[in-house]
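Below you'll find the structure, written out as structure tokens, and then a few comments.
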Amino acid sequence: MRPYSIFRALFLATAASLLLSCDKGNEDFIVGVSQCSEDSWRQKLKEELEMATYFNDGVTLRFVSSNDDSELQQRQIDSLAASGIDLLIVSPNQVDPLSEEIDKVYDSGIPVILFDRKTDSPKYTAFVGADNYQIGNMLGHHMAESLGGRGTVLEIGGLVGSSPADERHEGFMDALSHYPGISLAGFENGDWTEEGGEKAMARLLESYDGPVDAVFGGNDRMAIGARKAIRKAGRGDSDILFYGVDALPSADGGIRQVADSILTASAIYPTQGTELLLLALDILRGKEYARETTMRSSIVTHANAEILLLQHEEVVRQSDYLKMMHLQAGRMHDSITLQQIIIGIVLLFLLVIVVLLFFYIRAYRQKTLLNEILQEEKETVERQRDELEEQRDKLIELTIKGQDEEEEDAEQSVGKEMRRDNAFLQKLTQIIEQKMSDSEFSVEELSSELCMSRVQLYRKVKALTGKSPVEIVRQMRLTKADRLLSETSLNISEVAYSVGFSSSSYFTKCYRDYFDRLPRQASQN
Ligand code: FRU
């Protein structure tokens with residue numbers, strides 16, 4: 001694999017792993033939830049919404065609760081909208097004080113889902129809630145039937161000005177209108193709380209001391225409060241029918257109260273947080289959605305309360321199981337994220353190593369290439385130098401040829417001459433031996449070492465050996481090299497350098513020309 005390919009592969013792997021660790025799958029949305037009250041019904045809704053986010057990554061819920069205070073809810077909606085939410089889910093505490101505030105949010109471009117309670121404006125994206133008129137109506141009929149069409153009824157309505165209070169009352173009254181034997185002897189508004197229900201009933205009893213056959217509470221808590229007030233007032237409560245709305249399955253909820261005969265009946269007022277969140281996501285993702293969603297309700301009586309509680313237990317088990325799975329998935333997600341970070345770091349580290357390796361290999365290659373070029377240059381220079389020396393020798397030879405013929409060296413005696421010649425040759429070989437390893441060593445230098453001109457040297461050497469000084473120097477170099485090759489363990493280039501060749505390829509050429517074989521053959525012997 002070429003360094004480029006490794007580099008590219010690692011780069012892609014790193015990028016992929018980093019991308020993988022960044023991929024969240026979905027867009028991120030912030031959903032603001034403005035609740036009007038703090039009670040177990042609202043708590044249940046909150047838990048369901050939170051649970052729904054387990055299956056819908058990228059949704060952040062921002063909850064606020066105004067505890068039945070409309071002015072506080074106005075301010076909370078205001079700051080929620082300013083905090084950069086993408087959608088608002090709101091249960092307006094009362095219609096009048098909150099309609100304008102919610103209109104403003106809608107007008108600013110933030111989608112608004114009205115949940116459970118309404119405003120008096122068409123400025124909302126979607127509405128989800130049960131049919132409160134139908135709930136009041138259903139309970140009215142059930143009560144009238146249970147009374148056998150005759151009796152006196154008291155009603156504690158929900159918070160003044162909140163839409164479910166008005167709608168439930170309307171439905172209830174319409175149902176009673178079908179039973180001429182039934183009369184509504186008194187009506188008071190509560191505030192959806194048990195305490196408020198108790199107080200409202202106490203107020204009613206102050207002005208009414210007639211018979212009471214049934215009580216309709218706007219919700220279960222107020223019905224319980226009303227029952228307490230009746231008992232506190234010293235009126236018998238055991239023969240009175242008590243009706244409420246909500247029918248929560250919790251330990252202190254309406255279903256348990258019906259099962260325990262504290263309430264006669266209640267109507268399920270569904271929370272359905274999961275559906276609510278899915279609707280919010282459909283709106284945010286630009287999908288199709290229903291503008292009005294009516295959640296179904298049903299009556300809870302002593303006959304079905306226990307079954308409903310059993311079913312609820314199963315639902316709780318399942319949701320506990322889901323919560324546990326969510327926790328485990330969270331832990332797994334964390335460890336995968338950690339692994340991705342580690343892999344990313346390792347890949348990054350490898351990438352750095354590969355990049356360094358890549359540059360190192362490139363520099364090494366360039367260095368080798370430069371060495372080769374240098375070597376070739378050296379060889380050329382060396383060869384040219386030798387050729388030059390040889391040509392100079394030839395020139396000298398030509399110049400001195402004529403003179404040699406004329407000069408008769410008759411005066412000198414043969415013996416004296418021979419001794420001098422021997423001494424000269426000894427000196428000559430000694431100098432060559434000493435300087436042999438110096439590749440710069442030239443015939444010019446040799447002649448100056450011997451205190452002679454180059455021409456004199458040439459003449460003398462040629463006369464004594466029949467060879468030119470260049471040939472003598474080369475011959476001595478090659479003879480020594482041959483000896484070193486066969487007697488020592490030096491390799492060819494080491495031998496070449498030690499006898500004054502700076503280029504081993506040029507050495508090989510000269511060696512082959514002289515010995516008619518390759519240096520390699522000598523070193524094998
Ligand atoms: C919860 C609650 C319920 C009631 C509903 C009416 O806050 O008071 O008990 O049914 O709101 O909006």
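Residue numbering restarts at 1 in every chain; chains get A, B, ... in the order shown in the structure tokens, and ligands count up from 1 in that same order.
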Per-residue nearest contacts chain A to ligand 1, cut-off 6 Å, using only C-alpha atoms and all ligand atoms, as a Markdown table:
| residue | atom | partner | partner_atom_place_in_ligand_line | distance |
| --- | --- | --- | --- | --- |
| A:Ser37 | CA | ligand 1 | 7 (O) | 4.8 |
| A:Asp39 | CA | ligand 1 | 7 (O) | 5.9 |
| A:Trp41 | CA | ligand 1 | 1 (C) | 5.1 |
| A:Arg42 | CA | ligand 1 | 7 (O) | 5.5 |
| A:Asp116 | CA | ligand 1 | 12 (O) | 5.7 |
| A:Arg117 | CA | ligand 1 | 12 (O) | 5.5 |
| A:Pro164 | CA | ligand 1 | 12 (O) | 5.5 |
| A:Trp192 | CA | ligand 1 | 8 (O) | 4.7 |
| A:Asn219 | CA | ligand 1 | 9 (O) | 5.2 |
| A:Val245 | CA | ligand 1 | 10 (O) | 5.9 |
| A:Asp246 | CA | ligand 1 | 10 (O) | 5.2 |
Next item on the list: From a DSSP pass on the backbone, collect the residues of region 117-257 of chain A flagged as strand (DSSP E or B) and hand them back as a PyMOL selection string.
Entry: chain A and resi 126-130+151-157+182-189+214-217+241-246
Next, dump the selected residues to file, keeping only N, CA and C atoms, as a JSON list (two decimals), in the first residue's frame.
[["chain", "number", "residue", "atom", "x", "y", "z"],
["A", 126, "ALA", "N", -53.00, 23.62, 17.27],
["A", 126, "ALA", "CA", -53.81, 22.42, 17.45],
["A", 126, "ALA", "C", -54.39, 22.41, 18.86],
["A", 127, "PHE", "N", -55.49, 21.69, 18.99],
["A", 127, "PHE", "CA", -56.08, 21.52, 20.32],
["A", 127, "PHE", "C", -56.23, 20.03, 20.60],
["A", 128, "VAL", "N", -55.85, 19.63, 21.83],
["A", 128, "VAL", "CA", -56.03, 18.25, 22.26],
["A", 128, "VAL", "C", -56.73, 18.26, 23.60],
["A", 129, "GLY", "N", -57.83, 17.56, 23.71],
["A", 129, "GLY", "CA", -58.52, 17.50, 24.99],
["A", 129, "GLY", "C", -59.73, 16.59, 24.89],
["A", 130, "ALA", "N", -60.25, 16.26, 26.06],
["A", 130, "ALA", "CA", -61.46, 15.43, 26.04],
["A", 130, "ALA", "C", -62.66, 16.35, 25.85],
["A", 151, "GLY", "N", -84.85, 13.64, 42.67],
["A", 151, "GLY", "CA", -83.90, 14.00, 43.72],
["A", 151, "GLY", "C", -83.40, 15.43, 43.62],
["A", 152, "THR", "N", -82.60, 15.78, 44.64],
["A", 152, "THR", "CA", -82.05, 17.13, 44.71],
["A", 152, "THR", "C", -80.53, 17.04, 44.59],
["A", 153, "VAL", "N", -79.98, 17.90, 43.76],
["A", 153, "VAL", "CA", -78.56, 17.82, 43.44],
["A", 153, "VAL", "C", -77.87, 19.14, 43.75],
["A", 154, "LEU", "N", -76.60, 19.05, 44.26],
["A", 154, "LEU", "CA", -75.76, 20.24, 44.41],
["A", 154, "LEU", "C", -74.56, 20.09, 43.48],
["A", 155, "GLU", "N", -74.07, 21.23, 42.98],
["A", 155, "GLU", "CA", -72.91, 21.14, 42.08],
["A", 155, "GLU", "C", -71.79, 22.08, 42.53],
["A", 156, "ILE", "N", -70.53, 21.52, 42.54],
["A", 156, "ILE", "CA", -69.34, 22.35, 42.77],
["A", 156, "ILE", "C", -68.60, 22.39, 41.44],
["A", 157, "GLY", "N", -68.69, 23.55, 40.80],
["A", 157, "GLY", "CA", -68.05, 23.68, 39.48],
["A", 157, "GLY", "C", -66.57, 23.93, 39.60],
["A", 182, "ILE", "N", -85.67, 15.87, 38.82],
["A", 182, "ILE", "CA", -84.37, 16.19, 39.44],
["A", 182, "ILE", "C", -84.17, 17.70, 39.40],
["A", 183, "SER", "N", -83.76, 18.25, 40.55],
["A", 183, "SER", "CA", -83.54, 19.70, 40.55],
["A", 183, "SER", "C", -82.15, 20.02, 41.09],
["A", 184, "LEU", "N", -81.54, 21.07, 40.54],
["A", 184, "LEU", "CA", -80.24, 21.53, 41.02],
["A", 184, "LEU", "C", -80.53, 22.58, 42.10],
["A", 185, "ALA", "N", -80.28, 22.20, 43.35],
["A", 185, "ALA", "CA", -80.62, 23.10, 44.45],
["A", 185, "ALA", "C", -79.55, 24.13, 44.72],
["A", 186, "GLY", "N", -78.33, 23.94, 44.27],
["A", 186, "GLY", "CA", -77.30, 24.94, 44.53],
["A", 186, "GLY", "C", -76.05, 24.71, 43.69],
["A", 187, "PHE", "N", -75.40, 25.81, 43.35],
["A", 187, "PHE", "CA", -74.16, 25.73, 42.54],
["A", 187, "PHE", "C", -73.12, 26.70, 43.09],
["A", 188, "GLU", "N", -71.91, 26.25, 43.24],
["A", 188, "GLU", "CA", -70.80, 27.12, 43.67],
["A", 188, "GLU", "C", -69.57, 26.73, 42.87],
["A", 189, "ASN", "N", -68.73, 27.71, 42.56],
["A", 189, "ASN", "CA", -67.48, 27.38, 41.89],
["A", 189, "ASN", "C", -66.39, 27.05, 42.90],
["A", 214, "ALA", "N", -77.54, 14.01, 45.70],
["A", 214, "ALA", "CA", -76.31, 13.78, 44.90],
["A", 214, "ALA", "C", -75.51, 15.07, 44.78],
["A", 215, "VAL", "N", -74.18, 14.87, 44.66],
["A", 215, "VAL", "CA", -73.29, 16.03, 44.46],
["A", 215, "VAL", "C", -72.46, 15.78, 43.20],
["A", 216, "PHE", "N", -72.42, 16.80, 42.33],
["A", 216, "PHE", "CA", -71.54, 16.70, 41.15],
["A", 216, "PHE", "C", -70.35, 17.64, 41.37],
["A", 217, "GLY", "N", -69.17, 17.06, 41.47],
["A", 217, "GLY", "CA", -67.96, 17.86, 41.61],
["A", 217, "GLY", "C", -67.31, 18.01, 40.23],
["A", 241, "LEU", "N", -75.00, 10.47, 46.67],
["A", 241, "LEU", "CA", -74.14, 10.03, 45.56],
["A", 241, "LEU", "C", -73.14, 11.14, 45.25],
["A", 242, "PHE", "N", -71.86, 10.78, 45.16],
["A", 242, "PHE", "CA", -70.83, 11.78, 44.83],
["A", 242, "PHE", "C", -70.20, 11.43, 43.47],
["A", 243, "TYR", "N", -70.21, 12.44, 42.58],
["A", 243, "TYR", "CA", -69.65, 12.26, 41.24],
["A", 243, "TYR", "C", -68.47, 13.21, 41.04],
["A", 244, "GLY", "N", -67.46, 12.72, 40.35],
["A", 244, "GLY", "CA", -66.32, 13.59, 40.03],
["A", 244, "GLY", "C", -65.80, 13.31, 38.62],
["A", 245, "VAL", "N", -64.72, 13.97, 38.30],
["A", 245, "VAL", "CA", -64.09, 13.76, 36.98],
["A", 245, "VAL", "C", -62.58, 13.61, 37.19],
["A", 246, "ASP", "N", -61.97, 12.84, 36.39],
["A", 246, "ASP", "CA", -60.52, 12.59, 36.29],
["A", 246, "ASP", "C", -60.22, 11.10, 36.33]]
Note to self: For a quick check of understanding, using only C-alpha atoms, which of A:Val461, A:Ile268, A:Leu356, A:Ala481 has the smallest distance to Glu494 (chain A)?
What the structure shows: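 Of the candidates, the smallest distance to Glu494 (chain A) is held by A:Ala481.
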Item checked: Selection: 12 Å around region 434-438 of chain A, only C-alpha atoms, excl. self and same-chain fewer than 3 positions, as a ChimeraX atom specification -> /A:427-431,441-443,445-446,449,472-481,494-502
Note to self: For a test of reading the model, state the distance in Å between CA of Ile85 (chain A) and CA of Glu101 (chain A), rounded to one decimal.
What the structure shows: 15.4 Å
Checklist line | Contacts of Gly32 (chain A) at 9 Å (only C-alpha atoms; same-chain gap of 6+ positions) as a PyMOL selection string | finding: chain A and resi 60-64+77+80-81+85-90
Residues just named, written with C-alpha atoms as a PDB file, in the first residue's frame:
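Generated file (selection_30.pdb):
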ATOM      1  CA  THR A  60     -35.922  18.780  25.144  1.00  0.00           C
ATOM      2  CA  LEU A  61     -38.915  19.602  27.334  1.00  0.00           C
ATOM      3  CA  ARG A  62     -38.998  22.834  29.299  1.00  0.00           C
ATOM      4  CA  PHE A  63     -41.718  22.701  32.014  1.00  0.00           C
ATOM      5  CA  VAL A  64     -43.271  25.555  33.955  1.00  0.00           C
ATOM      6  CA  ILE A  77     -45.461  31.902  28.958  1.00  0.00           C
ATOM      7  CA  LEU A  80     -40.782  30.535  27.831  1.00  0.00           C
ATOM      8  CA  ALA A  81     -41.362  32.140  24.427  1.00  0.00           C
ATOM      9  CA  ILE A  85     -38.663  27.276  22.397  1.00  0.00           C
ATOM     10  CA  ASP A  86     -39.739  25.720  19.094  1.00  0.00           C
ATOM     11  CA  LEU A  87     -43.281  24.902  20.198  1.00  0.00           C
ATOM     12  CA  LEU A  88     -45.541  25.665  23.157  1.00  0.00           C
ATOM     13  CA  ILE A  89     -47.896  23.205  24.821  1.00  0.00           C
ATOM     14  CA  VAL A  90     -50.193  25.088  27.162  1.00  0.00           C
TER      15      VAL A  90
END
Next item on the list: Name the closest residue to Lys462 (chain A) among the candidates A:Asp252, A:Glu50, A:Asp421, A:Asp68; distances are taken between atoms, counting only C-alpha atoms.
Entry: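 Once distances to Lys462 (chain A) are computed over only C-alpha atoms, the minimum belongs to A:Asp421.
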Notebook entry, point to check: If we count only C-alpha atoms, what is near Ile135 (chain A) at a cut-off of 7 Å, once residues fewer than 4 positions away on the same chain are taken out, given as a list in words?
Noted result: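 Listing them by chain and then by number gives Asp131, Leu139, Arg168 and Ala267 of chain A.
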Checklist line | Distance of CA of Arg150 (chain A) from CA of Ile240 (chain A), expressed in Å to one decimal place | finding: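 These atoms are spaced 13.1 Å apart.
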Notebook entry, point to check: Nearest to Gln375 (chain A): which of A:Asn132, A:Asn56, A:Ser504, A:Ser162 is it, counting only C-alpha atoms?
Noted result: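 Closest residue, counting only C-alpha atoms: A:Ser504.
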Item checked: Atomic distance CA of Val105 (chain A) - CA of Phe55 (chain A), expressed in Å with one decimal ->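 The value is 27.7 Å.
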Note to self: Please determine, counting only C-alpha atoms, which residue among A:Gln339, A:Thr264, A:Asn93, A:Ser238 has the shortest atom-to-atom distance to Ala303 (chain A).
What the structure shows: A:Thr264
Check: Do you know which residues are at most 8 Å from Leu98 (chain A) counting only C-alpha atoms, after dropping those on the same chain fewer than 6 positions away, and could you put them as a PyMOL selection string?
Finding: chain A and resi 70+73-74+92+119
Check: Quick one: DSSP helix (DSSP H, G or I) residues in region 240-444 of chain A, as an MDAnalysis selection string?
Finding: chainID A and resid 254:259 273:284 305:406 414:435 443:444
Next item on the list: Would you please work out which residue, of A:Arg296, A:Arg231, A:Arg285, A:Arg203, is nearest to Asp28 (chain A) when using only C-alpha atoms?
Entry: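 Ranking A:Arg296, A:Arg231, A:Arg285, A:Arg203 by distance to Asp28 (chain A), first place goes to A:Arg285.
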Next item on the list: Identify which of the residues A:Met325, A:Val455, A:Ile110, A:Leu308 lies closest to Asp393 (chain A), counting only C-alpha atoms when measuring atom-to-atom distances.
Entry: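 Of A:Met325, A:Val455, A:Ile110, A:Leu308, the one nearest Asp393 (chain A) is A:Val455, counting only C-alpha atoms.
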